[in-house]
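Colleague: Next comes structure.tsv, TSV, N, CA and C atoms:
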```
chain	number	residue	atom	x	y	z
A	85	MET	N	169.03	67.66	173.10
A	85	MET	CA	169.01	67.00	171.83
A	85	MET	C	167.58	67.03	171.28
A	86	ILE	N	167.47	67.45	170.04
A	86	ILE	CA	166.17	67.54	169.39
A	86	ILE	C	166.03	66.35	168.44
A	87	ARG	N	164.91	65.66	168.60
A	87	ARG	CA	164.64	64.52	167.72
A	87	ARG	C	163.72	64.95	166.62
A	88	ARG	N	164.02	64.50	165.43
A	88	ARG	CA	163.15	64.77	164.29
A	88	ARG	C	162.23	63.58	164.10
A	89	ARG	N	161.05	63.88	163.83
A	89	ARG	CA	160.07	62.83	163.59
A	89	ARG	C	160.17	62.38	162.14
A	90	ASN	N	160.19	61.07	161.92
A	90	ASN	CA	160.26	60.52	160.57
A	90	ASN	C	158.88	60.65	159.92
A	91	SER	N	158.75	61.55	158.97
A	91	SER	CA	157.45	61.80	158.36
A	91	SER	C	157.12	60.82	157.24
A	92	ALA	N	158.06	59.97	156.86
A	92	ALA	CA	157.81	59.02	155.78
A	92	ALA	C	156.95	57.85	156.23
A	93	ARG	N	156.91	57.61	157.50
A	93	ARG	CA	156.16	56.48	158.04
A	93	ARG	C	154.95	56.99	158.81
A	94	PRO	N	153.75	56.48	158.51
A	94	PRO	CA	152.57	56.95	159.23
A	94	PRO	C	152.60	56.51	160.68
A	95	PRO	N	151.89	57.23	161.54
A	95	PRO	CA	151.87	56.84	162.95
A	95	PRO	C	151.29	55.43	163.11
A	96	VAL	N	151.66	54.76	164.17
A	96	VAL	CA	151.29	53.37	164.39
A	96	VAL	C	149.78	53.15	164.37
A	97	PRO	N	148.93	53.97	164.98
A	97	PRO	CA	147.50	53.70	164.93
A	97	PRO	C	146.91	53.79	163.52
A	98	PHE	N	147.55	54.48	162.63
A	98	PHE	CA	147.06	54.64	161.26
A	98	PHE	C	147.38	53.43	160.39
A	99	GLN	N	148.42	52.66	160.72
A	99	GLN	CA	148.85	51.53	159.91
A	99	GLN	C	147.78	50.43	159.75
A	100	PRO	N	147.08	49.99	160.79
A	100	PRO	CA	146.05	48.96	160.59
A	100	PRO	C	144.93	49.46	159.67
A	101	PHE	N	144.56	50.72	159.78
A	101	PHE	CA	143.52	51.28	158.91
A	101	PHE	C	143.99	51.27	157.47
A	102	LEU	N	145.24	51.64	157.23
A	102	LEU	CA	145.80	51.64	155.88
A	102	LEU	C	145.82	50.23	155.30
A	103	LEU	N	146.21	49.25	156.11
A	103	LEU	CA	146.22	47.86	155.68
A	103	LEU	C	144.81	47.38	155.34
A	104	LEU	N	143.84	47.72	156.18
A	104	LEU	CA	142.45	47.34	155.94
A	104	LEU	C	141.92	47.97	154.66
A	105	ALA	N	142.26	49.22	154.40
A	105	ALA	CA	141.83	49.90	153.19
A	105	ALA	C	142.42	49.23	151.95
A	106	CYS	N	143.67	48.84	152.01
A	106	CYS	CA	144.31	48.16	150.88
A	106	CYS	C	143.64	46.81	150.61
A	107	VAL	N	143.33	46.08	151.65
A	107	VAL	CA	142.66	44.79	151.49
A	107	VAL	C	141.28	44.98	150.88
A	108	ALA	N	140.54	45.99	151.33
A	108	ALA	CA	139.21	46.26	150.79
A	108	ALA	C	139.27	46.61	149.30
A	109	ILE	N	140.25	47.39	148.91
A	109	ILE	CA	140.41	47.77	147.50
A	109	ILE	C	140.74	46.53	146.67
A	110	LEU	N	141.63	45.69	147.14
A	110	LEU	CA	142.00	44.48	146.41
A	110	LEU	C	140.80	43.53	146.27
A	111	LEU	N	140.01	43.39	147.33
A	111	LEU	CA	138.83	42.52	147.26
A	111	LEU	C	137.81	43.06	146.27
A	112	SER	N	137.63	44.36	146.23
A	112	SER	CA	136.66	44.92	145.28
A	112	SER	C	137.15	44.76	143.84
A	113	LEU	N	138.45	44.90	143.61
A	113	LEU	CA	139.00	44.67	142.28
A	113	LEU	C	138.85	43.21	141.87
A	114	TYR	N	139.07	42.30	142.80
A	114	TYR	CA	138.92	40.87	142.53
A	114	TYR	C	137.46	40.54	142.21
A	115	ALA	N	136.54	41.10	142.98
A	115	ALA	CA	135.11	40.84	142.75
A	115	ALA	C	134.66	41.38	141.40
A	116	SER	N	135.15	42.55	141.02
A	116	SER	CA	134.75	43.09	139.72
A	116	SER	C	135.38	42.29	138.58
A	117	ALA	N	136.56	41.75	138.77
A	117	ALA	CA	137.18	40.92	137.75
A	117	ALA	C	136.41	39.61	137.59
A	118	CYS	N	135.96	39.03	138.68
A	118	CYS	CA	135.17	37.80	138.61
A	118	CYS	C	133.83	38.07	137.94
A	119	LYS	N	133.23	39.19	138.25
A	119	LYS	CA	131.93	39.51	137.68
A	119	LYS	C	132.04	39.75	136.18
A	120	SER	N	133.17	40.25	135.70
A	120	SER	CA	133.31	40.54	134.28
A	120	SER	C	133.44	39.27	133.44
A	121	GLN	N	133.68	38.12	134.09
A	121	GLN	CA	133.80	36.88	133.35
A	121	GLN	C	132.44	36.29	133.00
A	122	THR	N	131.37	36.80	133.57
A	122	THR	CA	130.06	36.30	133.22
A	122	THR	C	129.63	36.89	131.89
A	123	HIS	N	128.80	36.15	131.19
A	123	HIS	CA	128.36	36.56	129.87
A	123	HIS	C	126.92	37.06	129.88
A	124	THR	N	126.29	37.12	131.05
A	124	THR	CA	124.91	37.57	131.15
A	124	THR	C	124.66	38.17	132.52
A	125	SER	N	123.72	39.09	132.56
A	125	SER	CA	123.31	39.65	133.84
A	125	SER	C	121.99	39.04	134.30
A	126	ASP	N	121.39	38.20	133.45
A	126	ASP	CA	120.13	37.54	133.78
A	126	ASP	C	120.39	36.41	134.78
A	127	VAL	N	119.80	36.53	135.96
A	127	VAL	CA	120.03	35.55	137.03
A	127	VAL	C	119.61	34.15	136.60
A	128	ARG	N	118.55	34.04	135.82
A	128	ARG	CA	118.05	32.73	135.39
A	128	ARG	C	119.05	32.01	134.48
A	129	LEU	N	119.90	32.77	133.78
A	129	LEU	CA	120.83	32.16	132.82
A	129	LEU	C	122.22	31.93	133.39
A	130	GLN	N	122.45	32.29	134.64
A	130	GLN	CA	123.79	32.18	135.19
A	130	GLN	C	124.29	30.75	135.32
A	131	LYS	N	123.40	29.80	135.58
A	131	LYS	CA	123.84	28.40	135.65
A	131	LYS	C	124.23	27.88	134.27
A	132	ILE	N	123.50	28.31	133.25
A	132	ILE	CA	123.87	27.94	131.87
A	132	ILE	C	125.23	28.55	131.54
A	133	ASP	N	125.42	29.80	131.92
A	133	ASP	CA	126.70	30.48	131.66
A	133	ASP	C	127.85	29.75	132.36
A	134	LYS	N	127.65	29.35	133.60
A	134	LYS	CA	128.71	28.65	134.33
A	134	LYS	C	129.03	27.32	133.66
A	135	MET	N	127.99	26.58	133.26
A	135	MET	CA	128.21	25.30	132.59
A	135	MET	C	129.03	25.50	131.31
A	136	LEU	N	128.64	26.49	130.51
A	136	LEU	CA	129.35	26.72	129.25
A	136	LEU	C	130.78	27.18	129.48
A	137	SER	N	130.99	28.06	130.46
A	137	SER	CA	132.36	28.54	130.69
A	137	SER	C	133.24	27.43	131.25
A	138	ASP	N	132.66	26.50	132.03
A	138	ASP	CA	133.44	25.38	132.55
A	138	ASP	C	133.77	24.35	131.46
A	139	GLN	N	132.79	24.06	130.60
A	139	GLN	CA	132.95	23.01	129.60
A	139	GLN	C	133.59	23.48	128.29
A	140	LEU	N	133.39	24.77	127.96
A	140	LEU	CA	133.87	25.29	126.67
A	140	LEU	C	134.69	26.56	126.88
A	141	PRO	N	135.91	26.43	127.36
A	141	PRO	CA	136.74	27.62	127.57
A	141	PRO	C	137.19	28.21	126.23
A	142	PRO	N	137.64	29.47	126.24
A	142	PRO	CA	138.18	30.05	125.00
A	142	PRO	C	139.30	29.16	124.45
A	143	GLY	N	139.30	29.01	123.13
A	143	GLY	CA	140.29	28.16	122.48
A	143	GLY	C	139.76	26.79	122.12
A	144	THR	N	138.55	26.46	122.60
A	144	THR	CA	137.93	25.19	122.25
A	144	THR	C	137.62	25.17	120.75
A	145	THR	N	137.84	24.04	120.11
A	145	THR	CA	137.61	23.96	118.67
A	145	THR	C	136.12	23.99	118.36
A	146	ARG	N	135.81	24.43	117.16
A	146	ARG	CA	134.42	24.50	116.71
A	146	ARG	C	133.77	23.11	116.71
A	147	GLY	N	134.52	22.10	116.30
A	147	GLY	CA	134.01	20.73	116.30
A	147	GLY	C	133.63	20.26	117.70
A	148	ARG	N	134.45	20.60	118.67
A	148	ARG	CA	134.17	20.22	120.07
A	148	ARG	C	132.92	20.93	120.57
A	149	VAL	N	132.76	22.21	120.25
A	149	VAL	CA	131.58	22.97	120.66
A	149	VAL	C	130.34	22.35	120.02
A	150	ASP	N	130.41	22.07	118.72
A	150	ASP	CA	129.28	21.48	118.01
A	150	ASP	C	128.92	20.11	118.60
A	151	TYR	N	129.92	19.28	118.88
A	151	TYR	CA	129.68	17.97	119.49
A	151	TYR	C	129.05	18.13	120.87
A	152	PHE	N	129.57	19.05	121.67
A	152	PHE	CA	129.04	19.30	123.02
A	152	PHE	C	127.55	19.63	122.95
A	153	LEU	N	127.19	20.53	122.04
A	153	LEU	CA	125.80	20.97	121.93
A	153	LEU	C	124.89	19.85	121.44
A	154	LYS	N	125.28	19.17	120.39
A	154	LYS	CA	124.44	18.13	119.80
A	154	LYS	C	124.32	16.90	120.70
A	155	SER	N	125.40	16.56	121.41
A	155	SER	CA	125.35	15.38	122.28
A	155	SER	C	124.42	15.59	123.47
A	156	ARG	N	124.16	16.83	123.82
A	156	ARG	CA	123.24	17.13	124.92
A	156	ARG	C	121.83	17.46	124.43
A	157	GLY	N	121.63	17.36	123.13
A	157	GLY	CA	120.30	17.57	122.57
A	157	GLY	C	119.90	19.02	122.40
A	158	TYR	N	120.87	19.94	122.45
A	158	TYR	CA	120.56	21.36	122.25
A	158	TYR	C	120.38	21.62	120.75
A	159	THR	N	119.45	22.49	120.42
A	159	THR	CA	119.15	22.82	119.04
A	159	THR	C	120.20	23.78	118.49
A	160	VAL	N	120.80	23.42	117.36
A	160	VAL	CA	121.76	24.30	116.69
A	160	VAL	C	121.02	24.96	115.53
A	161	GLU	N	121.05	26.29	115.49
A	161	GLU	CA	120.33	27.05	114.47
A	161	GLU	C	121.29	27.54	113.39
A	162	ASP	N	120.71	28.05	112.31
A	162	ASP	CA	121.52	28.69	111.27
A	162	ASP	C	122.18	29.93	111.86
A	163	SER	N	123.46	30.09	111.59
A	163	SER	CA	124.18	31.25	112.15
A	163	SER	C	124.23	32.38	111.12
A	164	PRO	N	124.33	33.62	111.60
A	164	PRO	CA	124.34	34.77	110.69
A	164	PRO	C	125.61	34.86	109.84
A	165	ASP	N	126.71	34.31	110.31
A	165	ASP	CA	127.95	34.34	109.51
A	165	ASP	C	128.73	33.05	109.75
A	166	LYS	N	129.79	32.87	108.98
A	166	LYS	CA	130.56	31.62	109.04
A	166	LYS	C	131.44	31.52	110.29
A	167	ASP	N	131.67	32.63	110.98
A	167	ASP	CA	132.51	32.62	112.17
A	167	ASP	C	131.72	32.50	113.46
A	168	SER	N	130.46	32.08	113.37
A	168	SER	CA	129.66	31.94	114.59
A	168	SER	C	128.80	30.69	114.51
A	169	LEU	N	128.33	30.27	115.66
A	169	LEU	CA	127.45	29.12	115.81
A	169	LEU	C	126.39	29.52	116.81
A	170	VAL	N	125.12	29.27	116.48
A	170	VAL	CA	124.02	29.67	117.35
A	170	VAL	C	123.30	28.43	117.83
A	171	ALA	N	123.02	28.38	119.14
A	171	ALA	CA	122.33	27.23	119.71
A	171	ALA	C	121.34	27.69	120.77
A	172	VAL	N	120.30	26.89	120.95
A	172	VAL	CA	119.34	27.13	122.02
A	172	VAL	C	119.64	26.12	123.12
A	173	VAL	N	120.03	26.64	124.28
A	173	VAL	CA	120.42	25.80	125.41
A	173	VAL	C	119.35	25.90	126.48
A	174	ARG	N	118.87	24.75	126.90
A	174	ARG	CA	117.80	24.72	127.90
A	174	ARG	C	118.25	23.87	129.07
A	175	GLN	N	117.98	24.39	130.27
A	175	GLN	CA	118.33	23.67	131.49
A	175	GLN	C	117.21	23.85	132.50
A	176	ILE	N	117.06	22.88	133.36
A	176	ILE	CA	116.14	22.99	134.48
A	176	ILE	C	116.99	23.30	135.71
A	177	ASP	N	116.69	24.41	136.38
A	177	ASP	CA	117.40	24.78	137.60
A	177	ASP	C	117.01	23.79	138.69
A	178	THR	N	117.98	23.05	139.19
A	178	THR	CA	117.68	22.01	140.18
A	178	THR	C	117.27	22.58	141.53
A	179	ASP	N	117.59	23.85	141.79
A	179	ASP	CA	117.18	24.47	143.05
A	179	ASP	C	115.71	24.89	143.02
A	180	THR	N	115.30	25.51	141.92
A	180	THR	CA	113.94	26.04	141.82
A	180	THR	C	113.02	25.19	140.96
A	181	LEU	N	113.58	24.22	140.23
A	181	LEU	CA	112.84	23.39	139.28
A	181	LEU	C	112.16	24.21	138.19
A	182	GLN	N	112.74	25.35	137.88
A	182	GLN	CA	112.24	26.22	136.82
A	182	GLN	C	113.14	26.08	135.60
A	183	PRO	N	112.53	26.07	134.40
A	183	PRO	CA	113.36	25.99	133.19
A	183	PRO	C	114.02	27.33	132.88
A	184	ALA	N	115.17	27.26	132.28
A	184	ALA	CA	115.88	28.44	131.79
A	184	ALA	C	116.35	28.12	130.38
A	185	THR	N	116.05	29.02	129.46
A	185	THR	CA	116.43	28.81	128.07
A	185	THR	C	117.21	30.01	127.57
A	186	ALA	N	118.31	29.74	126.90
A	186	ALA	CA	119.16	30.81	126.38
A	186	ALA	C	119.48	30.55	124.92
A	187	ARG	N	119.51	31.63	124.16
A	187	ARG	CA	120.00	31.57	122.78
A	187	ARG	C	121.46	32.01	122.86
A	188	VAL	N	122.35	31.10	122.52
A	188	VAL	CA	123.79	31.34	122.70
A	188	VAL	C	124.45	31.48	121.34
A	189	THR	N	125.19	32.56	121.17
A	189	THR	CA	125.96	32.78	119.94
A	189	THR	C	127.44	32.59	120.27
A	190	PHE	N	128.04	31.57	119.70
A	190	PHE	CA	129.47	31.29	119.88
A	190	PHE	C	130.23	31.94	118.74
A	191	ARG	N	131.32	32.65	119.05
A	191	ARG	CA	132.14	33.32	118.04
A	191	ARG	C	133.50	32.63	117.96
A	192	PHE	N	133.94	32.39	116.71
A	192	PHE	CA	135.20	31.68	116.48
A	192	PHE	C	136.16	32.55	115.67
A	193	ASP	N	137.45	32.27	115.83
A	193	ASP	CA	138.45	32.99	115.05
A	193	ASP	C	138.64	32.29	113.70
A	194	SER	N	139.61	32.74	112.93
A	194	SER	CA	139.84	32.17	111.59
A	194	SER	C	140.35	30.73	111.64
A	195	ASN	N	140.84	30.28	112.79
A	195	ASN	CA	141.31	28.90	112.96
A	195	ASN	C	140.25	28.01	113.61
A	196	ASP	N	139.00	28.49	113.65
A	196	ASP	CA	137.89	27.76	114.27
A	196	ASP	C	138.11	27.46	115.75
A	197	LYS	N	138.70	28.40	116.45
A	197	LYS	CA	138.87	28.31	117.90
A	197	LYS	C	137.90	29.29	118.54
A	198	LEU	N	137.27	28.86	119.63
A	198	LEU	CA	136.28	29.68	120.32
A	198	LEU	C	136.93	30.94	120.90
A	199	ILE	N	136.35	32.09	120.55
A	199	ILE	CA	136.82	33.36	121.11
A	199	ILE	C	135.96	33.71	122.32
A	200	SER	N	134.63	33.70	122.13
A	200	SER	CA	133.71	34.05	123.20
A	200	SER	C	132.31	33.60	122.82
A	201	TYR	N	131.39	33.82	123.73
A	201	TYR	CA	129.98	33.54	123.44
A	201	TYR	C	129.11	34.55	124.16
A	202	GLU	N	127.89	34.73	123.66
A	202	GLU	CA	126.93	35.65	124.26
A	202	GLU	C	125.65	34.88	124.54
A	203	LEU	N	125.02	35.19	125.65
A	203	LEU	CA	123.75	34.57	126.01
A	203	LEU	C	122.64	35.61	125.96
A	204	GLN	N	121.50	35.20	125.43
A	204	GLN	CA	120.30	36.02	125.45
A	204	GLN	C	119.15	35.14	125.90
A	205	PRO	N	118.22	35.68	126.68
A	205	PRO	CA	117.07	34.88	127.10
A	205	PRO	C	116.26	34.46	125.88
A	206	ALA	N	115.75	33.26	125.91
A	206	ALA	CA	114.89	32.73	124.84
A	206	ALA	C	113.61	32.22	125.49
A	207	PRO	N	112.54	32.18	124.72
A	207	PRO	CA	111.29	31.68	125.29
A	207	PRO	C	111.41	30.21	125.70
A	208	ASP	N	110.81	29.89	126.84
A	208	ASP	CA	110.82	28.52	127.32
A	208	ASP	C	109.76	27.72	126.58
A	209	ALA	N	110.19	26.73	125.81
A	209	ALA	CA	109.28	25.87	125.07
A	209	ALA	C	108.91	24.69	125.95
A	210	PRO	N	107.80	24.03	125.68
A	210	PRO	CA	107.45	22.85	126.46
A	210	PRO	C	108.48	21.75	126.27
A	211	LEU	N	108.68	20.96	127.31
A	211	LEU	CA	109.64	19.86	127.24
A	211	LEU	C	109.14	18.80	126.27
A	212	ARG	N	110.09	18.24	125.51
A	212	ARG	CA	109.77	17.14	124.61
A	212	ARG	C	110.25	15.84	125.23
A	213	PRO	N	109.54	14.74	124.98
A	213	PRO	CA	109.97	13.45	125.55
A	213	PRO	C	111.25	12.95	124.92
```
Once you've parsed the file, please lay out its structure as structure tokens.

Modeller:
Amino acid sequence: MIRRRNSARPPVPFQPFLLLACVAILLSLYASACKSQTHTSDVRLQKIDKMLSDQLPPGTTRGRVDYFLKSRGYTVEDSPDKDSLVAVVRQIDTDTLQPATARVTFRFDSNDKLISYELQPAPDAPLRP
């Protein structure tokens, strides 16, 4: 009697390697998806980015964004168009005790709901009392 080998299934020693490769691919896709949610590549601004993404998710109303900024003492500047809001956000990194300042442009849709925001480094001004 001649037995035919089932070619649809890989040999047993190859299966753990295949499983490990699939896990590695999924982890790299997950890591790249998480990285794409950041709005800046500047390491100094990442804590500001995290704070903004936690407190002001997409869909937040323009009034809520404006209140959030003003209640924390951040400077709101004139915006280039009616669908955006520009603010200077300053934070002291509690780990390094170094200031980080970002110029943030918030973009809104026609219903005044937050679509996204962009961060750019801004000069660190002296602290005011």

Colleague: Considering only C-alpha atoms, state which residue in the set A:Lys134, A:Asp177, A:Gln139, A:Lys166 is at the smallest distance from A:Tyr151.

Modeller: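 Among A:Lys134, A:Asp177, A:Gln139, A:Lys166, it is A:Gln139 that comes nearest to A:Tyr151.
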
Colleague: I'd like the interatomic distance between atom CA of A:Phe152 and atom CA of A:Ser137, to a tenth of an Å.

Modeller: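 We find that atom CA of A:Phe152 and atom CA of A:Ser137 lie 12.5 Å from each other.
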
Colleague: Out of A:Asp208, A:Asp126, A:Asp162, A:Asp167, which residue has the shortest atom-to-atom distance to A:Phe190 when counting only N, CA and C atoms?

Modeller: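 Answer, going by the shortest atom-to-atom distance: A:Asp167.
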
Colleague: One decimal, in Å: what's the spacing between atom N of A:Asp138 and atom CA of A:Gln175?

Modeller: 14.6 Å

Colleague: Could you tell me how far atom CA of A:Ile132 sits from atom CA of A:Thr145, in Å to one decimal place?

Modeller: 19.5 Å

Colleague: Any chance you could list, as a list of chain:residue names, the residues in stretch 146-213 of chain A that come up alpha helix (DSSP H) when DSSP is run on the backbone?

Modeller: A:Arg146, A:Gly147, A:Arg148, A:Val149, A:Asp150, A:Tyr151, A:Phe152, A:Leu153, A:Lys154, A:Ser155

Colleague: Using only C-alpha atoms, pick whichever of A:Thr144, A:Asp133, A:Asp165, A:Val127 has the shortest atom-to-atom distance to A:Val188.

Modeller: A:Asp133

Colleague: From the list A:Ala171, A:Ala206, A:Leu129, A:Leu140, which residue is nearest A:Thr159 when using only C-alpha atoms?

Modeller: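 Closest to A:Thr159, using only C-alpha atoms: A:Ala171.
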
Colleague: Which residues come within 8 Å of A:Thr189, counting only C-alpha atoms, excluding same-chain residues fewer than 2 positions away, as number ranges by chain?

Modeller: A: 168-171, 187, 191, 201-203

Colleague: Around all listed atoms of stretch 193-212 of chain A, padded 8 Å per side, what centre and edge lengths does the axis-aligned box have in Å to one decimal, as lines of an AutoDock Vina configuration file?

Modeller:
```
center_x = 124.4
center_y = 25.9
center_z = 119.5
size_x = 49.9
size_y = 36.2
size_z = 31.7
```
